[in-house]
$ cat upload-v8.pdb   # PDB, C-alpha atoms
ATOM      1  CA  MET K   1      17.858   3.737  16.149
ATOM      2  CA  LYS K   2      17.130   3.498  12.438
ATOM      3  CA  LYS K   3      17.817   5.556   9.345
ATOM      4  CA  ALA K   4      15.066   5.875   6.737
ATOM      5  CA  ILE K   5      14.831   7.400   3.291
ATOM      6  CA  LEU K   6      11.536   8.795   2.025
ATOM      7  CA  TYR K   7      10.430   9.578  -1.516
ATOM      8  CA  GLY K   8       7.410  11.813  -2.096
ATOM      9  CA  ALA K   9       7.478  13.919   1.060
ATOM     10  CA  ASN K  10       5.742  16.818  -0.701
ATOM     11  CA  GLY K  11       2.602  14.777  -1.387
ATOM     12  CA  LEU K  12      -0.438  14.190   0.803
ATOM     13  CA  VAL K  13       0.559  10.777   2.129
ATOM     14  CA  GLY K  14       4.293  11.428   1.927
ATOM     15  CA  SER K  15       4.091  14.600   4.034
ATOM     16  CA  ASN K  16       2.234  12.667   6.729
ATOM     17  CA  ILE K  17       4.786   9.849   6.606
ATOM     18  CA  LEU K  18       7.535  12.425   7.089
ATOM     19  CA  GLN K  19       5.809  13.916  10.135
ATOM     20  CA  GLU K  20       5.347  10.502  11.741
ATOM     21  CA  LEU K  21       8.938   9.457  11.023
ATOM     22  CA  LEU K  22      10.223  12.657  12.633
ATOM     23  CA  ARG K  23       7.999  12.096  15.678
ATOM     24  CA  SER K  24       9.070   8.487  16.105
ATOM     25  CA  SER K  25      11.806   7.700  18.609
ATOM     26  CA  ASP K  26      12.748   4.694  16.441
ATOM     27  CA  TYR K  27      14.649   6.901  13.971
ATOM     28  CA  ASP K  28      17.619   9.183  14.388
ATOM     29  CA  GLU K  29      17.837  10.326  10.749
ATOM     30  CA  ILE K  30      15.310  10.808   7.957
ATOM     31  CA  ILE K  31      16.415  11.565   4.413
ATOM     32  CA  ALA K  32      13.709  13.084   2.226
ATOM     33  CA  VAL K  33      14.287  13.010  -1.534
ATOM     34  CA  VAL K  34      12.056  15.580  -3.207
ATOM     35  CA  ARG K  35      11.697  17.417  -6.509
ATOM     36  CA  THR K  36      10.987  20.764  -4.808
ATOM     37  CA  LYS K  37      12.216  22.124  -1.491
ATOM     38  CA  LEU K  38      10.468  21.295   1.758
ATOM     39  CA  LEU K  39       9.382  24.063   4.102
ATOM     40  CA  ILE K  40       9.817  21.896   7.193
ATOM     41  CA  LYS K  41      13.060  21.844   9.181
ATOM     42  CA  HIS K  42      14.040  19.330  11.864
ATOM     43  CA  HIS K  43      17.261  18.199  13.481
ATOM     44  CA  LYS K  44      16.680  14.617  12.268
ATOM     45  CA  LEU K  45      15.825  15.653   8.705
ATOM     46  CA  LYS K  46      18.141  15.823   5.703
ATOM     47  CA  VAL K  47      16.568  17.026   2.455
ATOM     48  CA  LEU K  48      17.915  16.127  -0.970
ATOM     49  CA  VAL K  49      16.431  17.942  -3.970
ATOM     50  CA  GLY K  50      16.600  16.263  -7.355
ATOM     51  CA  ASP K  51      14.575  14.785 -10.202
ATOM     52  CA  PHE K  52      14.457  11.388 -11.902
ATOM     53  CA  GLU K  53      17.621  12.149 -13.850
ATOM     54  CA  SER K  54      19.709  13.259 -10.880
ATOM     55  CA  PHE K  55      18.511  11.423  -7.787
ATOM     56  CA  VAL K  56      20.697   8.364  -8.421
ATOM     57  CA  ASP K  57      23.779  10.511  -7.885
ATOM     58  CA  LEU K  58      22.185  12.042  -4.772
ATOM     59  CA  VAL K  59      21.432   8.780  -2.985
ATOM     60  CA  GLY K  60      23.793   6.298  -4.612
ATOM     61  CA  ASP K  61      25.980   5.743  -1.548
ATOM     62  CA  ILE K  62      23.599   6.550   1.324
ATOM     63  CA  LYS K  63      23.188   3.620   3.710
ATOM     64  CA  VAL K  64      19.685   3.198   5.146
ATOM     65  CA  ASP K  65      17.618   0.692   7.108
ATOM     66  CA  GLU K  66      14.242   1.364   5.472
ATOM     67  CA  VAL K  67      12.814   3.031   2.386
ATOM     68  CA  TYR K  68       9.371   4.664   2.204
ATOM     69  CA  ILE K  69       7.954   5.348  -1.267
ATOM     70  CA  ALA K  70       4.909   7.599  -1.692
ATOM     71  CA  LEU K  71       5.403   8.781  -5.257
ATOM     72  CA  GLY K  72       2.683   9.424  -7.765
ATOM     73  CA  THR K  73       1.139  11.895 -10.151
ATOM     74  CA  THR K  74      -2.223  12.641 -11.763
ATOM     75  CA  ARG K  75      -3.508  12.678 -15.330
ATOM     76  CA  LYS K  76      -4.117  16.410 -15.067
ATOM     77  CA  LYS K  77      -0.490  17.087 -14.141
ATOM     78  CA  THR K  78       0.986  14.375 -16.358
ATOM     79  CA  PRO K  79      -1.148  13.601 -19.427
ATOM     80  CA  ASP K  80       1.712  11.908 -21.295
ATOM     81  CA  ASP K  81       1.732   8.120 -20.725
ATOM     82  CA  ALA K  82       5.515   7.757 -20.861
ATOM     83  CA  THR K  83       6.147  10.497 -18.292
ATOM     84  CA  TYR K  84       3.345   9.188 -16.071
ATOM     85  CA  TYR K  85       4.823   5.695 -16.161
ATOM     86  CA  GLN K  86       8.261   7.047 -15.327
ATOM     87  CA  ILE K  87       6.949   8.792 -12.208
ATOM     88  CA  ASP K  88       4.606   6.037 -11.039
ATOM     89  CA  HIS K  89       6.732   3.017 -11.989
ATOM     90  CA  ASP K  90      10.339   3.691 -12.939
ATOM     91  CA  TYR K  91      11.112   6.156 -10.165
ATOM     92  CA  PRO K  92       9.689   4.004  -7.295
ATOM     93  CA  VAL K  93      11.322   0.829  -8.608
ATOM     94  CA  LEU K  94      14.715   2.483  -8.948
ATOM     95  CA  ALA K  95      14.372   4.058  -5.497
ATOM     96  CA  ALA K  96      13.690   0.623  -4.016
ATOM     97  CA  LYS K  97      16.572  -0.952  -5.930
ATOM     98  CA  ILE K  98      19.105   1.613  -4.742
ATOM     99  CA  ALA K  99      17.904   1.390  -1.137
ATOM    100  CA  LYS K 100      18.222  -2.398  -1.207
ATOM    101  CA  GLU K 101      21.749  -2.128  -2.584
ATOM    102  CA  ASN K 102      22.542   0.324   0.219
ATOM    103  CA  GLY K 103      21.483  -2.033   2.978
ATOM    104  CA  ALA K 104      17.747  -1.405   3.460
ATOM    105  CA  SER K 105      15.962  -4.436   4.849
ATOM    106  CA  SER K 106      12.413  -3.096   4.523
ATOM    107  CA  VAL K 107      10.424  -1.217   1.875
ATOM    108  CA  PHE K 108       7.084   0.527   2.403
ATOM    109  CA  PHE K 109       5.220   1.349  -0.792
ATOM    110  CA  VAL K 110       2.002   3.360  -1.146
ATOM    111  CA  SER K 111       0.112   1.701  -3.972
ATOM    112  CA  SER K 112      -3.632   1.771  -4.663
ATOM    113  CA  ILE K 113      -6.771  -0.313  -4.373
ATOM    114  CA  GLY K 114      -7.231  -2.383  -7.514
ATOM    115  CA  ALA K 115      -3.531  -2.568  -8.411
ATOM    116  CA  ASN K 116      -3.205  -5.342 -10.965
ATOM    117  CA  ALA K 117      -0.343  -5.877 -13.396
ATOM    118  CA  GLU K 118      -2.727  -7.697 -15.761
ATOM    119  CA  SER K 119      -5.372  -4.965 -15.829
ATOM    120  CA  SER K 120      -6.459  -3.518 -19.156
ATOM    121  CA  PHE K 121      -6.595  -0.063 -17.560
ATOM    122  CA  PHE K 122      -3.452   2.054 -17.417
ATOM    123  CA  TYR K 123      -3.528   3.236 -13.781
ATOM    124  CA  PRO K 124      -4.133  -0.077 -11.943
ATOM    125  CA  LYS K 125      -1.828  -1.848 -14.392
ATOM    126  CA  THR K 126       0.983   0.623 -13.678
ATOM    127  CA  LYS K 127       0.521   0.262  -9.913
ATOM    128  CA  GLY K 128       0.447  -3.526 -10.201
ATOM    129  CA  GLN K 129       3.594  -3.631 -12.301
ATOM    130  CA  THR K 130       5.325  -1.346  -9.811
ATOM    131  CA  GLU K 131       4.359  -3.637  -6.940
ATOM    132  CA  GLU K 132       5.691  -6.677  -8.770
ATOM    133  CA  ALA K 133       8.985  -4.980  -9.580
ATOM    134  CA  ILE K 134       9.475  -3.869  -5.973
ATOM    135  CA  ILE K 135       8.693  -7.359  -4.672
ATOM    136  CA  LEU K 136      11.355  -8.730  -7.034
ATOM    137  CA  GLN K 137      13.966  -6.605  -5.236
ATOM    138  CA  ASP K 138      13.710  -9.272  -2.513
ATOM    139  CA  PHE K 139      13.762  -7.167   0.642
ATOM    140  CA  GLU K 140      13.598  -8.962   3.970
ATOM    141  CA  HIS K 141      10.241  -7.231   4.454
ATOM    142  CA  THR K 142       8.062  -5.744   1.706
ATOM    143  CA  HIS K 143       5.022  -3.756   2.846
ATOM    144  CA  ILE K 144       2.493  -2.680   0.212
ATOM    145  CA  PHE K 145      -0.334  -0.347   1.209
ATOM    146  CA  ARG K 146      -3.432  -0.245  -0.999
ATOM    147  CA  PRO K 147      -5.712   2.584   0.151
ATOM    148  CA  SER K 148      -8.907   3.505  -1.658
ATOM    149  CA  THR K 149      -9.957   7.160  -1.344
ATOM    150  CA  ILE K 150      -7.380   9.105   0.688
ATOM    151  CA  LEU K 151      -8.631  11.943   2.883
ATOM    152  CA  GLY K 152      -6.632  15.002   3.876
ATOM    153  CA  ASN K 153      -5.681  18.551   2.977
ATOM    154  CA  ARG K 154      -3.535  18.688  -0.111
ATOM    155  CA  ILE K 155      -1.086  21.507  -0.781
ATOM    156  CA  GLU K 156      -2.429  21.925  -4.296
ATOM    157  CA  ASN K 157      -6.007  23.014  -4.847
ATOM    158  CA  ARG K 158      -8.083  20.074  -6.116
ATOM    159  CA  PRO K 159     -11.772  20.967  -5.532
ATOM    160  CA  ALA K 160     -13.124  17.836  -7.254
ATOM    161  CA  ASP K 161     -11.029  15.617  -4.965
ATOM    162  CA  LYS K 162     -12.365  17.429  -1.886
ATOM    163  CA  ILE K 163     -15.963  16.934  -2.970
ATOM    164  CA  PHE K 164     -15.410  13.275  -3.873
ATOM    165  CA  GLY K 165     -13.586  12.720  -0.572
ATOM    166  CA  ARG K 166     -16.518  14.091   1.438
ATOM    167  CA  ILE K 167     -18.980  11.920  -0.474
ATOM    168  CA  TRP K 168     -16.857   8.797  -0.068
ATOM    169  CA  ALA K 169     -16.274   9.469   3.621
ATOM    170  CA  PHE K 170     -20.072   9.615   4.045
ATOM    171  CA  ILE K 171     -20.575   6.369   2.104
ATOM    172  CA  SER K 172     -17.698   4.451   3.709
ATOM    173  CA  PRO K 173     -19.454   3.296   6.914
ATOM    174  CA  VAL K 174     -21.979   1.260   4.896
ATOM    175  CA  LEU K 175     -19.210  -0.634   3.108
ATOM    176  CA  THR K 176     -18.941  -3.893   5.039
ATOM    177  CA  GLY K 177     -17.535  -7.380   4.578
ATOM    178  CA  LYS K 178     -15.400  -7.664   1.467
ATOM    179  CA  LEU K 179     -16.242  -4.054   0.589
ATOM    180  CA  THR K 180     -14.430  -2.596   3.618
ATOM    181  CA  LYS K 181     -11.258  -2.354   1.541
ATOM    182  CA  TYR K 182     -12.952   0.459  -0.413
ATOM    183  CA  ARG K 183     -13.517   2.642   2.641
ATOM    184  CA  ALA K 184     -11.880   6.067   2.682
ATOM    185  CA  ILE K 185      -8.931   6.577   5.022
ATOM    186  CA  PRO K 186      -7.091   9.732   6.156
ATOM    187  CA  ALA K 187      -3.523  10.110   4.931
ATOM    188  CA  LYS K 188      -2.354  10.528   8.526
ATOM    189  CA  GLN K 189      -3.732   7.099   9.435
ATOM    190  CA  ILE K 190      -1.913   5.500   6.502
ATOM    191  CA  ALA K 191       1.306   7.074   7.742
ATOM    192  CA  ILE K 192       0.812   5.901  11.324
ATOM    193  CA  ALA K 193       0.001   2.399  10.096
ATOM    194  CA  MET K 194       3.247   2.317   8.114
ATOM    195  CA  ILE K 195       5.375   3.365  11.086
ATOM    196  CA  ASN K 196       3.689   0.748  13.270
ATOM    197  CA  ALA K 197       4.175  -1.904  10.587
ATOM    198  CA  ALA K 198       7.891  -1.101  10.661
ATOM    199  CA  ARG K 199       7.994  -1.952  14.365
ATOM    200  CA  ASN K 200       6.453  -5.387  13.865
ATOM    201  CA  PRO K 201       7.186  -6.714  10.362
ATOM    202  CA  ALA K 202       4.605  -9.317   9.331
ATOM    203  CA  GLY K 203       6.597 -11.840   7.337
ATOM    204  CA  LYS K 204       8.442 -11.290   4.100
ATOM    205  CA  MET K 205       5.629  -9.642   2.139
ATOM    206  CA  LYS K 206       2.299  -8.202   3.214
ATOM    207  CA  ILE K 207      -0.429  -6.196   1.494
ATOM    208  CA  TYR K 208      -2.466  -3.822   3.631
ATOM    209  CA  TYR K 209      -6.017  -2.731   2.834
ATOM    210  CA  TRP K 210      -8.301  -0.515   4.929
ATOM    211  CA  ARG K 211      -8.924  -3.152   7.597
ATOM    212  CA  GLU K 212      -5.233  -4.071   7.999
ATOM    213  CA  MET K 213      -4.232  -0.410   8.182
ATOM    214  CA  LYS K 214      -6.884   0.317  10.796
ATOM    215  CA  GLN K 215      -5.677  -2.624  12.880
ATOM    216  CA  LEU K 216      -2.176  -1.182  12.850
ATOM    217  CA  LEU K 217      -3.366   2.113  14.348
ATOM    218  CA  THR K 218      -3.612   0.512  17.787
ATOM    219  CA  ASP K 219      -0.169  -1.091  17.640
ATOM    220  CA  LYS K 220       2.588   0.339  19.782
TER     221      LYS K 220
END
$ encode --input "upload-v8.pdb" --output "structure tokens"
Amino acid sequence: MKKAILYGANGLVGSNILQELLRSSDYDEIIAVVRTKLLIKHHKLKVLVGDFESFVDLVGDIKVDEVYIALGTTRKKTPDDATYYQIDHDYPVLAAKIAKENGASSVFFVSSIGANAESSFFYPKTKGQTEEAIILQDFEHTHIFRPSTILGNRIENRPADKIFGRIWAFISPVLTGKLTKYRAIPAKQIAIAMINAARNPAGKMKIYYWREMKQLLTDK
């Protein structure tokens, strides 16, 4: 039985990861670190509420086997570059660092298609730099998931995202060959793929695109 810590459980992907972790018989305790309270209650779940300034004190001495990181923001919510970078880079990297120091052997990070530390664009550059910093933590197993468009019902109302998601879901089947990585994928499937990846770690470091995530859905 394993103990996992999850960051970002209030988000679309993070909430699905939490549900799958709670369903899994592989875990006897899940610690969710969130900025606002969770409505869900479960006998395996422990919720810690804090922000970037306080979460170090919350989790500093908690021993875990795995860390799941599904943190992120949007330009609409966070127009300031420095604050955006803190949420999308500094917070995930520090979360990984603390988990590693507390015994975690595996990290699972939700990144994005196109992540590239050398990009001239802010978003993919930030994601790429975050990936690199997490890899440098030198976990036994580093799993990086790079979805394209993510489908699912978000808590917050984002009409434009819903419309774009429907369009991309319609287009996705015609994306073949090297373009399959750009296919849309439901948040629930990302979560299931992550839990299955935890059961069968594929080497020291692996990056998962649409095809690799879909292959994991049939794993037991």
$ residues_around --input "upload-v8.pdb" --residues "Asp28 of chain K" --least-positions-apart "3" --cutoff "12 Å" --atoms "only C-alpha atoms" --output "list in words"
Met1, Lys2, Lys3, Ala4, Ile5, Leu21, Leu22, Arg23, Ser24, Ser25, Ile31, His42, His43, Lys44, Leu45, Lys46, Val64 and Asp65 of chain K
$ resolve_selection --input "upload-v8.pdb" --expression "the PyMOL selection byres ((chain K and resi 211) around 12)" --output "list in words"
Phe145, Arg146, Pro147, Ser148, Leu175, Thr176, Gly177, Lys178, Leu179, Thr180, Lys181, Tyr182, Arg183, Ala184, Ile185, Gln189, Ile190, Ala193, Ile207, Tyr208, Tyr209, Trp210, Glu212, Met213, Lys214, Gln215, Leu216 and Leu217 of chain K
$ atom_distance --input "upload-v8.pdb" --atom1 "atom CA of Leu39 of chain K" --atom2 "atom CA of Leu12 of chain K"
14.3 Å
$ atom_distance --input "upload-v8.pdb" --atom1 "atom CA of Thr36 of chain K" --atom2 "atom CA of Val49 of chain K"
6.2 Å
$ closest_residue --input "upload-v8.pdb" --among "K:Glu66, K:Asp51, K:Asp26, K:Asp57" --to "Phe108 of chain K" --atoms "all atoms listed in the file"
K:Glu66
$ axis_aligned_box --input "upload-v8.pdb" --around "segment 183-190 of chain K" --padding-each-side "5 Å" --output "lines of an AutoDock Vina configuration file"
center_x = -7.7
center_y = 6.6
center_z = 6.0
size_x = 21.6
size_y = 17.9
size_z = 16.8
$ residues_around --input "upload-v8.pdb" --residues "Ser106 of chain K" --least-positions-apart "4" --cutoff "12 Å" --atoms "all atoms listed in the file" --output "ChimeraX atom specification"
/K:2-5,64-69,96-97,99-102,134-135,137-144,194-195,197-206
$ write_last_selection --input "upload-v8.pdb" --atoms "C-alpha atoms" --output "compact mmCIF listing (two decimals), in the frame of the given file"
# COMPACT_ATOMS: atom_id res chain seq x y z
CA LYS K 2 17.13 3.50 12.44
CA LYS K 3 17.82 5.56 9.35
CA ALA K 4 15.07 5.88 6.74
CA ILE K 5 14.83 7.40 3.29
CA VAL K 64 19.68 3.20 5.15
CA ASP K 65 17.62 0.69 7.11
CA GLU K 66 14.24 1.36 5.47
CA VAL K 67 12.81 3.03 2.39
CA TYR K 68 9.37 4.66 2.20
CA ILE K 69 7.95 5.35 -1.27
CA ALA K 96 13.69 0.62 -4.02
CA LYS K 97 16.57 -0.95 -5.93
CA ALA K 99 17.90 1.39 -1.14
CA LYS K 100 18.22 -2.40 -1.21
CA GLU K 101 21.75 -2.13 -2.58
CA ASN K 102 22.54 0.32 0.22
CA ILE K 134 9.48 -3.87 -5.97
CA ILE K 135 8.69 -7.36 -4.67
CA GLN K 137 13.97 -6.60 -5.24
CA ASP K 138 13.71 -9.27 -2.51
CA PHE K 139 13.76 -7.17 0.64
CA GLU K 140 13.60 -8.96 3.97
CA HIS K 141 10.24 -7.23 4.45
CA THR K 142 8.06 -5.74 1.71
CA HIS K 143 5.02 -3.76 2.85
CA ILE K 144 2.49 -2.68 0.21
CA MET K 194 3.25 2.32 8.11
CA ILE K 195 5.38 3.36 11.09
CA ALA K 197 4.18 -1.90 10.59
CA ALA K 198 7.89 -1.10 10.66
CA ARG K 199 7.99 -1.95 14.36
CA ASN K 200 6.45 -5.39 13.86
CA PRO K 201 7.19 -6.71 10.36
CA ALA K 202 4.61 -9.32 9.33
CA GLY K 203 6.60 -11.84 7.34
CA LYS K 204 8.44 -11.29 4.10
CA MET K 205 5.63 -9.64 2.14
CA LYS K 206 2.30 -8.20 3.21
$ closest_residue --input "upload-v8.pdb" --among "K:His89, K:Ser105, K:Ala9, K:Asn153" --to "Gly128 of chain K" --atoms "all atoms listed in the file"
K:His89
$ decode --input "upload-v8.pdb" --residues "segment 100-117 of chain K" --atoms "C-alpha atoms" --output "compact mmCIF listing (two decimals), in the first residue's frame"
# COMPACT_ATOMS: atom_id res chain seq x y z
CA LYS K 100 11.82 13.79 -3.02
CA GLU K 101 13.40 14.86 0.26
CA ASN K 102 10.56 13.10 2.08
CA GLY K 103 11.15 9.77 0.39
CA ALA K 104 9.07 9.87 -2.80
CA SER K 105 10.48 7.62 -5.50
CA SER K 106 8.15 8.72 -8.31
CA VAL K 107 6.81 12.03 -9.62
CA PHE K 108 3.90 12.47 -12.03
CA PHE K 109 3.70 15.89 -13.65
CA VAL K 110 0.94 17.23 -15.90
CA SER K 111 2.71 19.40 -18.45
CA SER K 112 1.53 20.38 -21.93
CA ILE K 113 2.05 19.62 -25.60
CA GLY K 114 4.81 21.80 -26.99
CA ALA K 115 6.67 22.25 -23.68
CA ASN K 116 10.10 23.57 -24.57
CA ALA K 117 12.51 25.38 -22.27
